[in-house]
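Step one of this worksheet: look at the structure below.
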Amino acid sequence: MRSLITILLGASLTLVAGCDKQSTDTPQAQGESKGAKPKPEAQGTLDISHRGEDAPDVKFNAPDGSEVTLASFKGKPVLVNLWATWCGPCVAEMPTLDALAARQADKLTVLTVSQDMQGKEIVDKWWAKQTYKLIAPYLDQENNLGFAFNTGMVPTTVLYDKDGKEIWRVIGGMNWDGPRANTLMAEAVGG
């Protein structure tokens with residue numbers, strides 16, 4: 001009985017921390033929150049089981065429309081955040097990702113990669129309402145990175161070292177301005 005309770009509790013906490021793939025039957029409302037931060041209790045799950053693995057070699061689109069891969073960013077650690085406009089925890093953590101990009105600008109590249117299947121039209125419309133200074137909307141309309149990361153959830157955020165080797169991933173929402181994120185980042189890229 002305790003095992004069943006533990007499993008059910010774990011499953012419910014996972015659902016609170018992030019969004020699963022968007023259902024085509026009942027889409028969630030488009031997020032409009034400017035400056036909202038994730039609640040401290042809505043911290044994602046840290047996963048180090050892929051540590052040392054190469055970044056997936058899949059193509060996605062840069063904000064200018066050109067095709068890129070994660071190998072395009074080798075030479076500096078890169079934090080890849082998979083998100084969607086319809087995902088509440090994704091939208092809530094976006095301002096904290098922008099703040100992280102500002103704090104770590106000389107040490108880290110922060111990529112926010114939309115998994116919206118409607119693509120550029122919906123993402124650009126949503127992004128135009130935001131006031132982010134350093135992050136930009138990369139697009140993965142085919143969800144190639146999502147399939148490669150194989151978490152089935154957004155947000156999913158993966159940190160790669162300067163050589164394109166995975167350090168850790170966070171599955172679910174994260175306050176990237178909070179103490180937990182600061183500790184994770186300090187361990188990986190320094191203060």
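Identifiers in the structure tokens: chain A, B, ... in order shown; residue index from 1 per chain; ligand index from 1 in order shown.
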
Exercise. Running DSSP on the backbone, which parts of range 35-103 of chain A land in strand (DSSP E), as a PyMOL selection string?
Worked result: chain A and resi 45-47+60-61+67-68+78-83

For this session: Within 7 Å of range 156-162 of chain A, counting only C-alpha atoms, which residues show up once you throw out same-chain ones fewer than 6 positions away? Write them as a list in words, please.
Result: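 Contacts, with the query itself left out: Lys74, Gly75, Lys76, Pro77, Val78, Leu79, Val80, Asn81, Leu82, Trp168, Arg169, Val170, Ile171 and Gly172 of chain A.
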
Got time to write the residues from that selection, N, CA and C atoms, as an mmCIF file, in the first residue's frame?
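Final output, result-v4.cif:
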```
data_model
loop_
_atom_site.group_PDB
_atom_site.id
_atom_site.type_symbol
_atom_site.label_atom_id
_atom_site.label_comp_id
_atom_site.auth_asym_id
_atom_site.auth_seq_id
_atom_site.Cartn_x
_atom_site.Cartn_y
_atom_site.Cartn_z
ATOM 1 N N LYS A 74 29.154 24.679 -29.665
ATOM 2 C CA LYS A 74 30.308 24.158 -28.923
ATOM 3 C C LYS A 74 31.317 25.266 -28.671
ATOM 4 N N GLY A 75 32.076 25.123 -27.597
ATOM 5 C CA GLY A 75 33.085 26.111 -27.236
ATOM 6 C C GLY A 75 32.705 26.864 -25.973
ATOM 7 N N LYS A 76 31.433 26.806 -25.604
ATOM 8 C CA LYS A 76 30.926 27.463 -24.406
ATOM 9 C C LYS A 76 29.796 26.581 -23.882
ATOM 10 N N PRO A 77 29.650 26.428 -22.564
ATOM 11 C CA PRO A 77 28.500 25.650 -22.079
ATOM 12 C C PRO A 77 27.191 26.228 -22.624
ATOM 13 N N VAL A 78 26.227 25.348 -22.859
ATOM 14 C CA VAL A 78 24.930 25.778 -23.392
ATOM 15 C C VAL A 78 23.814 25.133 -22.574
ATOM 16 N N LEU A 79 22.860 25.951 -22.201
ATOM 17 C CA LEU A 79 21.668 25.507 -21.486
ATOM 18 C C LEU A 79 20.519 25.527 -22.482
ATOM 19 N N VAL A 80 19.946 24.357 -22.766
ATOM 20 C CA VAL A 80 18.873 24.223 -23.751
ATOM 21 C C VAL A 80 17.559 24.027 -23.014
ATOM 22 N N ASN A 81 16.640 24.958 -23.203
ATOM 23 C CA ASN A 81 15.342 24.896 -22.559
ATOM 24 C C ASN A 81 14.276 24.623 -23.607
ATOM 25 N N LEU A 82 13.600 23.471 -23.483
ATOM 26 C CA LEU A 82 12.469 23.151 -24.359
ATOM 27 C C LEU A 82 11.212 23.680 -23.693
ATOM 28 N N TRP A 168 23.736 17.740 -16.872
ATOM 29 C CA TRP A 168 22.506 17.365 -16.183
ATOM 30 C C TRP A 168 21.316 17.898 -16.962
ATOM 31 N N ARG A 169 20.136 17.433 -16.545
ATOM 32 C CA ARG A 169 18.894 17.964 -17.089
ATOM 33 C C ARG A 169 17.904 18.155 -15.958
ATOM 34 N N VAL A 170 17.010 19.108 -16.132
ATOM 35 C CA VAL A 170 15.924 19.349 -15.194
ATOM 36 C C VAL A 170 14.633 19.143 -15.971
ATOM 37 N N ILE A 171 13.804 18.243 -15.470
ATOM 38 C CA ILE A 171 12.530 17.933 -16.111
ATOM 39 C C ILE A 171 11.440 18.584 -15.272
ATOM 40 N N GLY A 172 10.758 19.558 -15.873
ATOM 41 C CA GLY A 172 9.765 20.335 -15.153
ATOM 42 C C GLY A 172 10.250 21.753 -14.945
#
```

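Counting from CA of Ala181 in chain A, the distance to CA of Ser49 in chain A is 18.2 Å.
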
For this session: Excluding range 99-107 of chain A and residues on its chain fewer than 2 positions from it, collect all residues at most 10 Å away from it, counting only C-alpha atoms, and give them as a list in words.
Result: Lys76, Pro77, Val78, Leu79, Met94, Pro95, Thr96, Leu97, Thr109, Val110, Leu111, Tyr132, Lys133, Leu134, Ile135, Lys162, Asn175, Trp176, Asp177, Gly178, Ala181, Asn182, Met185, Val189, Gly190 and Gly191 of chain A

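Counting from CA of Cys19 in chain A, the distance to CA of Ala128 in chain A is 22.8 Å.
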
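Coordinates place CA of Asp116 in chain A at a distance of 7.8 Å from CA of Leu139 in chain A.
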
Exercise. Taking only C-alpha atoms into account, which of A:Gln43, A:Ser66, A:Gln130, A:Asn61 comes nearest Asp98 in chain A?
Worked result: A:Gln130

Problem set entry | Selected residue, from A:Glu93, A:Gly44, A:Gly146, A:Val123, that lies nearest to Lys59 in chain A when counting only C-alpha atoms |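 Answer, going by the shortest atom-to-atom distance: A:Gly146.
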